[in-house]
Amino acid sequence: MNMKFYIGILILILHCLFLTGCAEKDETVIITFNVGRDPTGAHYTIIRQFQENYPRIRVQVVESPQDASLQHDLYVTRFAGKDRSIDVIGLDVIWIAEFARAGWLRPLNNLAEELPMEDFLPGPIEACTYRDILYAIPWFTDAGLLYYRTDLLEEYGFEEPQTWDELQEIVITIRNDSPHLSGFLIQGEQYEGLICNIMEFIWSHGGDVWDETGEWRLTTPEAETALQRLIDYIRIQDITPRGVLTYQEEESRHIFQDGRAIFLRNWPYVWELANNPATGSNVVGNVGIAPLPGKEPGLHAATLGGWNLGISAYSEHPEESRKLIRFFMEYEQMKQFSIEGGRLPTRISLYRDPEILKRSPYFEDLYEVFINARPRPVTPHYSQISDIMQVNIHRALLGRISAREALERIDAEVLALFDRYGK
Ligand code: GLC
């Protein structure tokens, strides 16, 4: 009897222990981190560290294609279906107004109180704010830059080009001897990256999509000259190979780092990869970086890009998601992410960090370019505007319509959109 009693107690204890074990196990929360594919993979290191610091939170990385337009459409479909499997999400600067307006993002003002917001770059913070509410925290920023081959320019006695005419001259001279080299690579496929490139052309010719009164107007002499220049580069002068009409960031980076081009327009991440022998780069130590040229010296412009971390309004784990975002934003983590991934940090103090400057010395010289990077049109209808521009600009680059026709069609379609939905 006694024996049975003790065995009973033992079983009960074991049972309780088992249940506690299960309960503890159940407390582990799995959150998803939804981001576009990053060729540097630097976020994995930070996530590993986060899991060591927060052993009860597991982070499942859900990667989508790097193509920003594809990612956008994918998320729109998932949010429209109130998909609960998205927790933390990497957001392109251009999506925030649209997603916030649709009610798909959680306001993050409470998280901002825990972070030194005065240390964050003002441009990206503005892009993360919709109607005075912060919906994402800037993770890294982007600005379009000109990469060039220092060895080739030196050999021919050229300085880095200040103007588009100088760039042309350099390409023509070097290609005279080496016709197999491409001149100037861009991202010309029909997707979001094309808009970043064309805006830089338009701004650097003194144009814009808005006129002095704040109304939309792209049919201007400046925009036409800019688009015509790019058409000529591709279709007449062969400054830019026709292949760019199917290139995104990665295709153009590979050609440049293989040593098959003189110039490349791309984002800052290329610096780290093109200078890293482990990536198979053939141009290590021969890469220069500069502001993009302008029609005149000093008239250069960079498109503001960048990615921000937000939390889905349908997430069932907002607390854990918040912790992950906060972790990514801490000085040390952002520093490591910037060093490993070659990304531009969003915290101002990191631009003075000696280790960062040692790895990316150009951060100091080009800081002005980064903070003056210009936003694409800020409106909740941006993705429709972008689609309209992508189709028409791409057609013009294919030679199917003229520069003027492309701009007129864009104006007509965008104004019809504003008439229908407001600006
Ligand atoms: C980069 C930029 C992003 C832009 C995209 C276009 O990822 O950060 O803002 O939309 O390129 O390809």
# chains A, B, ... in the order shown; residues from 1 in each chain; ligands from 1
call {"tool": "residues_around", "arguments": {"residues": "range 343-353 of chain A", "least_positions_apart": "4", "cutoff": "7 Å", "atoms": "only C-alpha atoms", "output": "JSON, numbers by chain"}}
result
{"A": [119, 120, 121, 138, 139, 140, 141, 142, 268, 269, 334, 335, 338, 357, 363, 364]}
call {"tool": "closest_atom_pairs", "arguments": {"of": "chain A", "to": "ligand 1", "cutoff": "7 Å", "atoms": "only C-alpha atoms and all ligand atoms", "output": "CSV"}}
result
residue,atom,partner,partner_atom_place_in_ligand_line,distance
A:Asp67,CA,ligand 1,12 (O),6.1
A:Ala68,CA,ligand 1,12 (O),5.3
A:Asp92,CA,ligand 1,9 (O),5.1
A:Val93,CA,ligand 1,9 (O),5.6
A:Ile94,CA,ligand 1,9 (O),6.7
A:Thr141,CA,ligand 1,8 (O),6.5
A:Asp142,CA,ligand 1,8 (O),5.0
A:Glu192,CA,ligand 1,6 (C),4.8
A:Gly193,CA,ligand 1,12 (O),3.5
A:Cys196,CA,ligand 1,6 (C),6.5
A:Gln248,CA,ligand 1,12 (O),6.9
A:Glu249,CA,ligand 1,12 (O),6.7
A:Trp267,CA,ligand 1,1 (C),6.9
A:Leu304,CA,ligand 1,9 (O),6.6
A:Gly305,CA,ligand 1,9 (O),3.1
A:Gly306,CA,ligand 1,8 (O),3.5
A:Trp307,CA,ligand 1,8 (O),5.8
call {"tool": "closest_residue", "arguments": {"among": "A:Phe33, A:Phe263, A:Trp104, A:Tyr314", "to": "Leu145 in chain A", "atoms": "only C-alpha atoms"}}
result
A:Phe263
call {"tool": "residues_around", "arguments": {"residues": "Gln187 in chain A", "least_positions_apart": "3", "cutoff": "10 Å", "atoms": "only C-alpha atoms", "output": "PDB file with N, CA and C atoms, in the first residue's frame"}}
result
ATOM      1  N   GLN A 190      12.269  46.186 -66.841  1.00  0.00           N
ATOM      2  CA  GLN A 190      11.020  46.846 -66.469  1.00  0.00           C
ATOM      3  C   GLN A 190      10.650  46.439 -65.040  1.00  0.00           C
ATOM      4  N   TYR A 191      11.164  47.159 -64.066  1.00  0.00           N
ATOM      5  CA  TYR A 191      10.877  46.902 -62.646  1.00  0.00           C
ATOM      6  C   TYR A 191      11.272  48.156 -61.879  1.00  0.00           C
ATOM      7  N   GLU A 192      11.161  48.114 -60.551  1.00  0.00           N
ATOM      8  CA  GLU A 192      11.378  49.317 -59.748  1.00  0.00           C
ATOM      9  C   GLU A 192      12.754  49.976 -59.950  1.00  0.00           C
ATOM     10  N   GLY A 193      13.770  49.135 -60.127  1.00  0.00           N
ATOM     11  CA  GLY A 193      15.124  49.681 -60.269  1.00  0.00           C
ATOM     12  C   GLY A 193      15.240  50.629 -61.457  1.00  0.00           C
ATOM     13  N   LEU A 194      14.463  50.385 -62.506  1.00  0.00           N
ATOM     14  CA  LEU A 194      14.503  51.273 -63.678  1.00  0.00           C
ATOM     15  C   LEU A 194      14.086  52.694 -63.283  1.00  0.00           C
ATOM     16  N   ILE A 195      13.119  52.797 -62.396  1.00  0.00           N
ATOM     17  CA  ILE A 195      12.652  54.121 -61.968  1.00  0.00           C
ATOM     18  C   ILE A 195      13.760  54.837 -61.186  1.00  0.00           C
ATOM     19  N   CYS A 196      14.484  54.078 -60.347  1.00  0.00           N
ATOM     20  CA  CYS A 196      15.586  54.704 -59.597  1.00  0.00           C
ATOM     21  C   CYS A 196      16.602  55.277 -60.575  1.00  0.00           C
ATOM     22  N   ASN A 197      16.911  54.518 -61.618  1.00  0.00           N
ATOM     23  CA  ASN A 197      17.891  54.972 -62.608  1.00  0.00           C
ATOM     24  C   ASN A 197      17.379  56.170 -63.399  1.00  0.00           C
ATOM     25  N   ILE A 198      16.137  56.103 -63.851  1.00  0.00           N
ATOM     26  CA  ILE A 198      15.650  57.193 -64.719  1.00  0.00           C
ATOM     27  C   ILE A 198      15.473  58.478 -63.921  1.00  0.00           C
ATOM     28  N   GLY A 243      21.809  44.931 -73.545  1.00  0.00           N
ATOM     29  CA  GLY A 243      21.504  43.901 -72.542  1.00  0.00           C
ATOM     30  C   GLY A 243      20.937  44.485 -71.257  1.00  0.00           C
ATOM     31  N   VAL A 244      21.252  45.759 -70.943  1.00  0.00           N
ATOM     32  CA  VAL A 244      20.774  46.322 -69.667  1.00  0.00           C
ATOM     33  C   VAL A 244      19.253  46.315 -69.583  1.00  0.00           C
ATOM     34  N   LEU A 245      18.594  46.202 -70.725  1.00  0.00           N
ATOM     35  CA  LEU A 245      17.128  46.218 -70.690  1.00  0.00           C
ATOM     36  C   LEU A 245      16.566  44.995 -69.972  1.00  0.00           C
ATOM     37  N   THR A 246      17.443  44.041 -69.673  1.00  0.00           N
ATOM     38  CA  THR A 246      17.004  42.876 -68.875  1.00  0.00           C
ATOM     39  C   THR A 246      17.814  42.770 -67.575  1.00  0.00           C
ATOM     40  N   TYR A 247      18.551  43.800 -67.232  1.00  0.00           N
ATOM     41  CA  TYR A 247      19.375  43.699 -66.017  1.00  0.00           C
ATOM     42  C   TYR A 247      18.711  44.331 -64.808  1.00  0.00           C
ATOM     43  N   GLN A 248      18.884  43.623 -63.670  1.00  0.00           N
ATOM     44  CA  GLN A 248      18.600  44.237 -62.379  1.00  0.00           C
ATOM     45  C   GLN A 248      19.952  44.476 -61.695  1.00  0.00           C
ATOM     46  N   GLU A 249      19.939  44.720 -60.386  1.00  0.00           N
ATOM     47  CA  GLU A 249      21.174  45.041 -59.668  1.00  0.00           C
ATOM     48  C   GLU A 249      22.226  43.939 -59.818  1.00  0.00           C
ATOM     49  N   GLU A 250      21.810  42.701 -59.595  1.00  0.00           N
ATOM     50  CA  GLU A 250      22.788  41.631 -59.551  1.00  0.00           C
ATOM     51  C   GLU A 250      23.436  41.321 -60.898  1.00  0.00           C
ATOM     52  N   GLU A 251      22.643  41.341 -61.967  1.00  0.00           N
ATOM     53  CA  GLU A 251      23.222  41.063 -63.291  1.00  0.00           C
ATOM     54  C   GLU A 251      24.295  42.104 -63.608  1.00  0.00           C
ATOM     55  N   SER A 252      23.971  43.370 -63.331  1.00  0.00           N
ATOM     56  CA  SER A 252      24.939  44.420 -63.674  1.00  0.00           C
ATOM     57  C   SER A 252      26.160  44.334 -62.756  1.00  0.00           C
ATOM     58  N   ARG A 253      25.951  43.995 -61.485  1.00  0.00           N
ATOM     59  CA  ARG A 253      27.111  43.863 -60.576  1.00  0.00           C
ATOM     60  C   ARG A 253      28.046  42.763 -61.065  1.00  0.00           C
ATOM     61  N   LEU A 264      29.576  51.497 -63.699  1.00  0.00           N
ATOM     62  CA  LEU A 264      28.339  50.847 -63.245  1.00  0.00           C
ATOM     63  C   LEU A 264      27.600  51.794 -62.319  1.00  0.00           C
ATOM     64  N   ARG A 265      26.287  51.908 -62.537  1.00  0.00           N
ATOM     65  CA  ARG A 265      25.460  52.607 -61.549  1.00  0.00           C
ATOM     66  C   ARG A 265      24.863  51.503 -60.666  1.00  0.00           C
ATOM     67  N   ASN A 266      25.042  51.659 -59.345  1.00  0.00           N
ATOM     68  CA  ASN A 266      24.439  50.667 -58.450  1.00  0.00           C
ATOM     69  C   ASN A 266      24.394  51.226 -57.035  1.00  0.00           C
TER      70      ASN A 266
END
call {"tool": "select_by_dssp", "arguments": {"residues": "range 54-270 of chain A", "states": "strand (DSSP E)", "output": "PyMOL selection string"}}
result
chain A and resi 57-64+88-92+129-130+133-134+137-143+145-149+182-185+261-266
call {"tool": "atom_distance", "arguments": {"atom1": "CA of Leu366 in chain A", "atom2": "CA of Ala274 in chain A"}}
result
18.1 Å
call {"tool": "residues_around", "arguments": {"residues": "Val62 in chain A", "least_positions_apart": "5", "cutoff": "12 Å", "atoms": "only C-alpha atoms", "output": "MDAnalysis selection string"}}
result
chainID A and resid 31:38 43:44 71 75 85:90
call {"tool": "residues_around", "arguments": {"residues": "Tyr148 in chain A", "least_positions_apart": "4", "cutoff": "10 Å", "atoms": "only C-alpha atoms", "output": "number ranges by chain"}}
result
A: 152-153, 160-161, 183-184, 256, 261-265, 286-290
call {"tool": "write_last_selection", "arguments": {"atoms": "C-alpha atoms", "output": "PDB file, in the first residue's frame"}}
result
ATOM      1  CA  LEU A 152      41.474  51.837 -66.545  1.00  0.00           C
ATOM      2  CA  LEU A 153      40.850  55.514 -65.843  1.00  0.00           C
ATOM      3  CA  GLU A 160      36.393  60.447 -62.318  1.00  0.00           C
ATOM      4  CA  PRO A 161      33.725  62.048 -64.544  1.00  0.00           C
ATOM      5  CA  GLY A 183      30.771  51.269 -71.106  1.00  0.00           C
ATOM      6  CA  PHE A 184      28.167  52.220 -68.535  1.00  0.00           C
ATOM      7  CA  PHE A 256      31.217  44.824 -63.534  1.00  0.00           C
ATOM      8  CA  ALA A 261      32.653  47.056 -67.830  1.00  0.00           C
ATOM      9  CA  ILE A 262      34.148  50.483 -67.179  1.00  0.00           C
ATOM     10  CA  PHE A 263      31.271  52.096 -65.257  1.00  0.00           C
ATOM     11  CA  LEU A 264      28.339  50.847 -63.245  1.00  0.00           C
ATOM     12  CA  ARG A 265      25.460  52.607 -61.549  1.00  0.00           C
ATOM     13  CA  ASN A 286      40.514  48.568 -58.756  1.00  0.00           C
ATOM     14  CA  VAL A 287      37.099  49.928 -57.883  1.00  0.00           C
ATOM     15  CA  GLY A 288      36.430  53.628 -57.551  1.00  0.00           C
ATOM     16  CA  ILE A 289      33.214  55.130 -56.307  1.00  0.00           C
ATOM     17  CA  ALA A 290      31.823  58.607 -56.959  1.00  0.00           C
TER      18      ALA A 290
END
